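Below is one structure, written out as structure tokens, with a few remarks after it.
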Amino acid sequence: MRNDPTRKTAAAAPEAQSGAANGEPLDFIRSIVAADVAAGKHDGRVVTRFPPEPNGYLHIGHAKSICLNFGVAAEYGGRCHLRFDDTNPLKEDPHYVESIEKDVRWLGFDWGRHLYHASDYFERLYDYAVQLVQDGKAYVDSSSEEEIRRDRGTVTEPGKESPDRARSVQENLDLLERMRRGEFDDGAYVLRARIDMASPNMKMRDPLIYRVRRVPHHRTGDAWNIYPMYDFAHCFSDSIEGITHSLCTLEFENNRELYDWFLDQVHVHHPQQIEFARLNLSHTVMSKRTLLELVEKGIVRGWDDPRLPTLSGLRRRGYTPEAIRAFCDRIGVAKRDNLVDVSLLEYYIREDLNKRAKRVMAVLRPLRVVIDNYPEGQVEELEAINNPEDPEVGTRRIPFSRVLYIERDDFREDPPKKFFRLAPGREVRLKHAYFLKCEEVVRDDAGDIVELRCTYDPATKSGSATDGRKVKGTLHWVSAGSAVEAEVRLYEHLFLSANPAEAGREEGLESLLNPASLEVVRGARVEPSLATAHAGQRFQFLRHGYFCVDPDSAPGALVFNRTIGLRDSWSKIEKKQQP
RNA sequence: UGGGGCGUAGACAAGUGGCAAGUCACCAGAUUUUGGUUCUGGCAUUCGCAGGUUCGAAUCCUGCCGCCCCAACCA
């Protein structure tokens with residue numbers, strides 16, 4: 001088996017995207033796995049797992065972990081389990097289970113038949129606990145929560161042993177059994193490991209194994225009155241499933257000694273825990289607690305608010321799984337605390353959508369244009385290319401007529417330097433159509449510009465002039481008679497601060513929120529081909545950015561989300577001119 | 001200040017004794033019927049700091065400094 005030449009190797013693994021297969025340097029985890037496989041450890045098998053607790057929605061930080069765990073497994077011919085770490089019925093909810101499964105699948109990963117729950121192992125876990133008690137390695141403690149806390153000591157002082165530490169094995173066994181049967185109130189007893197109250201590692205000072213919680217569990221019902229703690233449940237769950245490499249985040253480094261201790265006591269399969277740095281993204285927050293707070297306070301519209309870094313939020317916003325995976329590949333895996341600039345994520349969604357999004361024209365803030373020399377009542381169909389990056393997707397026809405809408409921002413009565421859009425007396429090109437010249441500005445009684453009187457050059461239908469004259473600007477437009485009205489939601493970073501989790505420690509997060517994170521534009525006009533667009537469809541609104549149809553959208557009441565704007569070098573020039 | 005980790009450009013991140021990959025961001029230019037895309041060039045004489053070993057150090061040794069994690073019956 002070990003030398004089986006047909007066994008899949010990293011290079012032969014299908015769909016390997018990173019590290020092992022593409023010649024990029026291996027990250028430290030893949031290096032360890034590669035070395036283990038080469039050395040024939042675990043017979044060369046690789047089994048990983050993604051172990052979320054069903055107490056919240058998945059976010060892009062989880063995506064990093066998912067890509068790592070499923071990625072490593074795929075690259076080394078192994079498998080990756082999806083396991084719900086459901087050991088705390090007080091905080092968990094089956095609703096979250098559904099969202100997690102959906103999000104992992106959406107990201108593009110498949111756990112096959114390997115869907116597990118820590119609660120599947122409750123009986124075996126209990127057996128391990130009994131074994132520990134029998135071996136004198138665990139005891140039932142009647143200390144109160146406060147006493148336990150106090151007697152644990154501090155980082156510089158050793159803790160104090162509980163009087164119950166000396167309880168007999170027989171009595172411990174009896175008490176544990178009665179805890180399980182529900183004879184005691186919550187908090188009356190706990191089962192603890194007997195390790196070392198003076199250990200320099202706080203996690204080793206007689207950690208809790210079971211606590212009494214007389215509440216039903218969403219999967220085991222009222223079968224249990226005690227529930228296992230993370231450190232105890234997690235290592236044994238890994239062991240039971242035959243996990244070879246248990247990848248987790250840095251804050252569990254201190255727990256590794258305990259992970260190893262539990263497994264060593266009962267001589268079972270012993271996976272290797274390896275810790276890596278979690279992802280932090282600039283201008284947003286990643287902690288479940290904070291995300292929950294934003295949702296519950298109504299600061300955002302729910303877990304799938306497009307401003308959130310949740311996978312459901314990113315999906316609704318228009319992000320593709322491919323872009324998120326490419327991003328996760330790029331950021332790497334290391335042990336250094338990090339704060340990845342959100343512009344890197346934005347780069348990957350632009351890169352992906354540039355290749356696949358159909359171009360359409362949409363005017364967000366319409367300004368009416370009347371072409372005086374264009375025949376009244378005439379409508380002609382012009383051909384427009386759907387995607388210059390992908391000629392395969394062909395062309396479509398768009399109506400052109402005497403009355404159009406252009407973007408208000410594309411006209412300046414008094415144009416600044418380097419502004420080469422429309423202005424009085426100036427000529428520009430209308431995308432896919434003719435040259436257009438502004439002849440006159442029409443105002444209402446309040447003095448606001450309500451309309452532009454223009455002329456067009458019929459000889460410029462090709463997009464350029466026959467006499468060789470050039471225009472510097474090309475504008476998008478829609479025909480007033482056939483345009484469809486739409487609502488457009490423009491998103492910006494949720495936080496002004498690059499690192500709100502850090503900056504908000506004292507003043508609180510709310511003062512750091514970006515008041516302009518959502519701008520709703522009503523009365524936008526989009527080209528008629530969009531009338532039948534359905535939720536989830538993505539487009540490039542020419543010269544604006546990438547947009548996708550929101551689930552709130554309905555026939556006759558289109559709603560678009562801006563996924564990300566196009567890079568905008570004009571705004572930079574303009575900004576430079578301002579100060 | 002007990003223990004566990006980490007310090008390479010604005011942000012990520014390779015490199016593990018032979019004389020600083022790559023990506024994003026940023027800057028400059030070319031192309032362009034999207035001020036988009038694409039392309040070209042620039043961007044760490046220096047690797048937290050200070051000593052030491054060596055012909056040679058980001059990589060080895062010593063000391064110091066800084067940041068993160070651990071005192072939930074959360075995970």
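Residue numbers start at 1 in each chain; chains themselves are named A, B, ... in the order of the structure tokens; ligands are numbered from 1 in the order shown.
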
*Please provide the set of residues having any atom within 12 Å of B:G7, restricted to only C-alpha atoms (C1' of nucleotides), with same-chain residues fewer than 3 positions apart removed, written as a PyMOL selection string.*
(chain A and resi 335-338) or (chain B and resi 47-49+58+65-68)

Exercise: A:Glu161 partners within 12 Å, only C-alpha atoms (C1' of nucleotides), chain neighbours under 5 positions left out, as a JSON list (two decimals) with C-alpha atoms, in the first residue's frame:
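Final output, out03.json:
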```json
[["chain", "number", "residue", "atom", "x", "y", "z"],
["A", 139, "TYR", "CA", -12.90, 13.41, 38.90],
["A", 141, "ASP", "CA", -16.01, 18.31, 41.29],
["A", 143, "SER", "CA", -16.98, 23.33, 43.34],
["A", 147, "GLU", "CA", -14.70, 28.62, 43.07],
["A", 148, "ILE", "CA", -13.29, 26.89, 40.04],
["A", 149, "ARG", "CA", -12.47, 30.20, 38.47],
["A", 150, "ARG", "CA", -10.82, 31.50, 41.61],
["A", 151, "ASP", "CA", -8.84, 28.32, 42.33],
["A", 152, "ARG", "CA", -7.46, 28.16, 38.81],
["A", 153, "GLY", "CA", -4.89, 30.75, 39.86],
["A", 166, "ALA", "CA", -9.27, 13.09, 46.09],
["A", 192, "ARG", "CA", -12.66, 17.53, 35.37],
["A", 193, "ALA", "CA", -9.40, 16.04, 34.15],
["A", 194, "ARG", "CA", -6.87, 15.47, 36.91],
["A", 195, "ILE", "CA", -3.74, 16.98, 35.42],
["A", 196, "ASP", "CA", -1.79, 19.73, 37.14],
["A", 197, "MET", "CA", -3.16, 22.78, 38.94],
["A", 198, "ALA", "CA", 0.33, 24.32, 38.83],
["A", 199, "SER", "CA", 0.88, 23.90, 35.13],
["A", 205, "ARG", "CA", -5.09, 23.15, 35.22],
["A", 206, "ASP", "CA", -7.68, 20.40, 35.60],
["A", 207, "PRO", "CA", -9.83, 21.45, 32.64]]
```

Quick one: which chain B residues come within 10 Å of chain A, and what is the nearest atom pair for each with the distance in Å to one decimal, counting only C-alpha atoms (C1' of nucleotides), rows ordered by chain and ascending number, as CSV?
```
residue,atom,partner,partner_atom,distance
B:U1,C1',A:Thr156,CA,7.4
B:G2,C1',A:Thr156,CA,4.5
B:G3,C1',A:Pro200,CA,4.9
B:G4,C1',A:Asn254,CA,5.8
B:G5,C1',A:Glu253,CA,7.6
B:C6,C1',A:Arg336,CA,5.5
B:G7,C1',A:Arg336,CA,8.2
B:G10,C1',A:Asp341,CA,9.8
B:A11,C1',A:Asp341,CA,5.3
B:C12,C1',A:Ile331,CA,5.6
B:A13,C1',A:Gly332,CA,6.9
B:A14,C1',A:Pro25,CA,6.8
B:G15,C1',A:Pro25,CA,9.8
B:A21,C1',A:Pro25,CA,9.7
B:G22,C1',A:Glu24,CA,9.2
B:U23,C1',A:Arg330,CA,7.0
B:C24,C1',A:Leu344,CA,5.0
B:A25,C1',A:Ser343,CA,7.5
B:U33,C1',A:Gly463,CA,5.7
B:U34,C1',A:Arg543,CA,5.0
B:G35,C1',A:Trp570,CA,5.2
B:G36,C1',A:Leu566,CA,6.3
B:U37,C1',A:Asn354,CA,7.6
B:C67,C1',A:Asp337,CA,8.9
B:C68,C1',A:Asp337,CA,7.1
B:C69,C1',A:Glu251,CA,5.4
B:C70,C1',A:Met202,CA,6.1
B:A71,C1',A:Thr154,CA,5.0
B:A72,C1',A:Arg149,CA,9.3
B:C73,C1',A:Arg211,CA,5.4
B:C74,C1',A:Asn88,CA,8.2
B:A75,C1',A:Tyr230,CA,6.3
```

*Record the distance separating atom CA of A:Val549 and atom CA of A:Arg316, expressed in Å with one decimal.*
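So the two atoms, atom CA of A:Val549 and atom CA of A:Arg316, lie 8.5 Å apart.
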
_Residue list (alpha helix (DSSP H), DSSP) for stretch 48-220 of chain A, as a PyMOL selection string_ = chain A and resi 60-75+94-107+122-134+145-151+169-181

*Using only C-alpha atoms, which residue out of A:Gly112, A:Val33, A:Cys328, A:Ile100 lies closest to A:Glu75?*
A:Val33

*With only C-alpha atoms as the basis for distance, which of A:Ala362, A:Thr244, A:Val442, A:Cys235 is at the shortest distance from A:Ile32?*
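Among the listed residues, the smallest separation from A:Ile32 belongs to A:Thr244.
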
_Close residues, stretch 114-116 of chain A itself excluded, 7 Å, only C-alpha atoms (C1' of nucleotides), min 3 positions apart in chain, as JSON, numbers by chain_ = {"A": [81, 82, 83, 84, 111]}

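The space separating atom CA of A:Ser511 from atom CA of A:Thr284 comes to 13.5 Å.
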
*Please identify all polymer residues within 12 Å of A:Asp260, counting only C-alpha atoms (C1' of nucleotides), omitting same-chain residues fewer than 6 positions from it, and present them as a ChimeraX atom specification.*
/A:204,231-232,234-236,238-239,246,253-254,266-274

*asked:* Would you pick out the contacts of A:Ile371 at 12 Å or less, using only C-alpha atoms (C1' of nucleotides), so that residues sharing its chain but fewer than 5 positions from it are not included, and give the list as a PyMOL selection string?
replied: chain A and resi 376-378+400-405+434-440+451-458+479-480

_Just the number, please: distance in Å from atom CA of A:Phe109 to atom CA of A:Cys548, one decimal._
23.2 Å

*B:C26, B:A50, B:C61, B:C55 ranked by distance to B:A9, top pick (using only C-alpha atoms (C1' of nucleotides))*: B:C26

*Based on DSSP run over this structure's backbone, return all residues of stretch 301-373 of chain A in strand (DSSP E), as a PyMOL selection string.*
chain A and resi 358-360+362-363+366-371

Let me see the file: selected residues, N, CA, C and O atoms, as an mmCIF file, in the first residue's frame.
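See part38.cif below for the written result:
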```cif
data_model
loop_
_atom_site.group_PDB
_atom_site.id
_atom_site.type_symbol
_atom_site.label_atom_id
_atom_site.label_comp_id
_atom_site.auth_asym_id
_atom_site.auth_seq_id
_atom_site.Cartn_x
_atom_site.Cartn_y
_atom_site.Cartn_z
ATOM 1 N N LYS A 358 -21.695 39.929 -18.697
ATOM 2 C CA LYS A 358 -22.214 40.566 -19.900
ATOM 3 C C LYS A 358 -22.303 42.076 -19.675
ATOM 4 O O LYS A 358 -22.749 42.524 -18.628
ATOM 5 N N ARG A 359 -21.854 42.824 -20.681
ATOM 6 C CA ARG A 359 -21.912 44.278 -20.577
ATOM 7 C C ARG A 359 -23.303 44.766 -20.955
ATOM 8 O O ARG A 359 -23.860 44.319 -21.975
ATOM 9 N N VAL A 360 -23.832 45.665 -20.160
ATOM 10 C CA VAL A 360 -25.113 46.298 -20.484
ATOM 11 C C VAL A 360 -24.996 47.773 -20.123
ATOM 12 O O VAL A 360 -24.053 48.178 -19.453
ATOM 13 N N ALA A 362 -26.641 51.054 -18.247
ATOM 14 C CA ALA A 362 -27.559 51.476 -17.200
ATOM 15 C C ALA A 362 -27.188 52.891 -16.792
ATOM 16 O O ALA A 362 -26.013 53.197 -16.582
ATOM 17 N N VAL A 363 -28.176 53.735 -16.699
ATOM 18 C CA VAL A 363 -27.951 55.117 -16.283
ATOM 19 C C VAL A 363 -28.500 55.269 -14.873
ATOM 20 O O VAL A 363 -29.698 55.138 -14.639
ATOM 21 N N PRO A 366 -30.301 59.734 -14.247
ATOM 22 C CA PRO A 366 -30.576 60.120 -15.637
ATOM 23 C C PRO A 366 -30.639 61.638 -15.862
ATOM 24 O O PRO A 366 -31.168 62.379 -15.044
ATOM 25 N N LEU A 367 -30.070 62.032 -17.003
ATOM 26 C CA LEU A 367 -30.218 63.403 -17.492
ATOM 27 C C LEU A 367 -30.769 63.278 -18.918
ATOM 28 O O LEU A 367 -30.204 62.576 -19.746
ATOM 29 N N ARG A 368 -31.882 63.948 -19.155
ATOM 30 C CA ARG A 368 -32.585 63.827 -20.424
ATOM 31 C C ARG A 368 -31.836 64.545 -21.550
ATOM 32 O O ARG A 368 -31.351 65.675 -21.382
ATOM 33 N N VAL A 369 -31.727 63.843 -22.658
ATOM 34 C CA VAL A 369 -31.059 64.401 -23.830
ATOM 35 C C VAL A 369 -32.011 64.318 -25.017
ATOM 36 O O VAL A 369 -32.568 63.255 -25.294
ATOM 37 N N VAL A 370 -32.223 65.451 -25.691
ATOM 38 C CA VAL A 370 -33.056 65.432 -26.898
ATOM 39 C C VAL A 370 -32.163 65.748 -28.093
ATOM 40 O O VAL A 370 -31.433 66.739 -28.087
ATOM 41 N N ILE A 371 -32.202 64.860 -29.084
ATOM 42 C CA ILE A 371 -31.372 65.044 -30.276
ATOM 43 C C ILE A 371 -32.217 65.736 -31.342
ATOM 44 O O ILE A 371 -33.053 65.098 -32.001
#
```
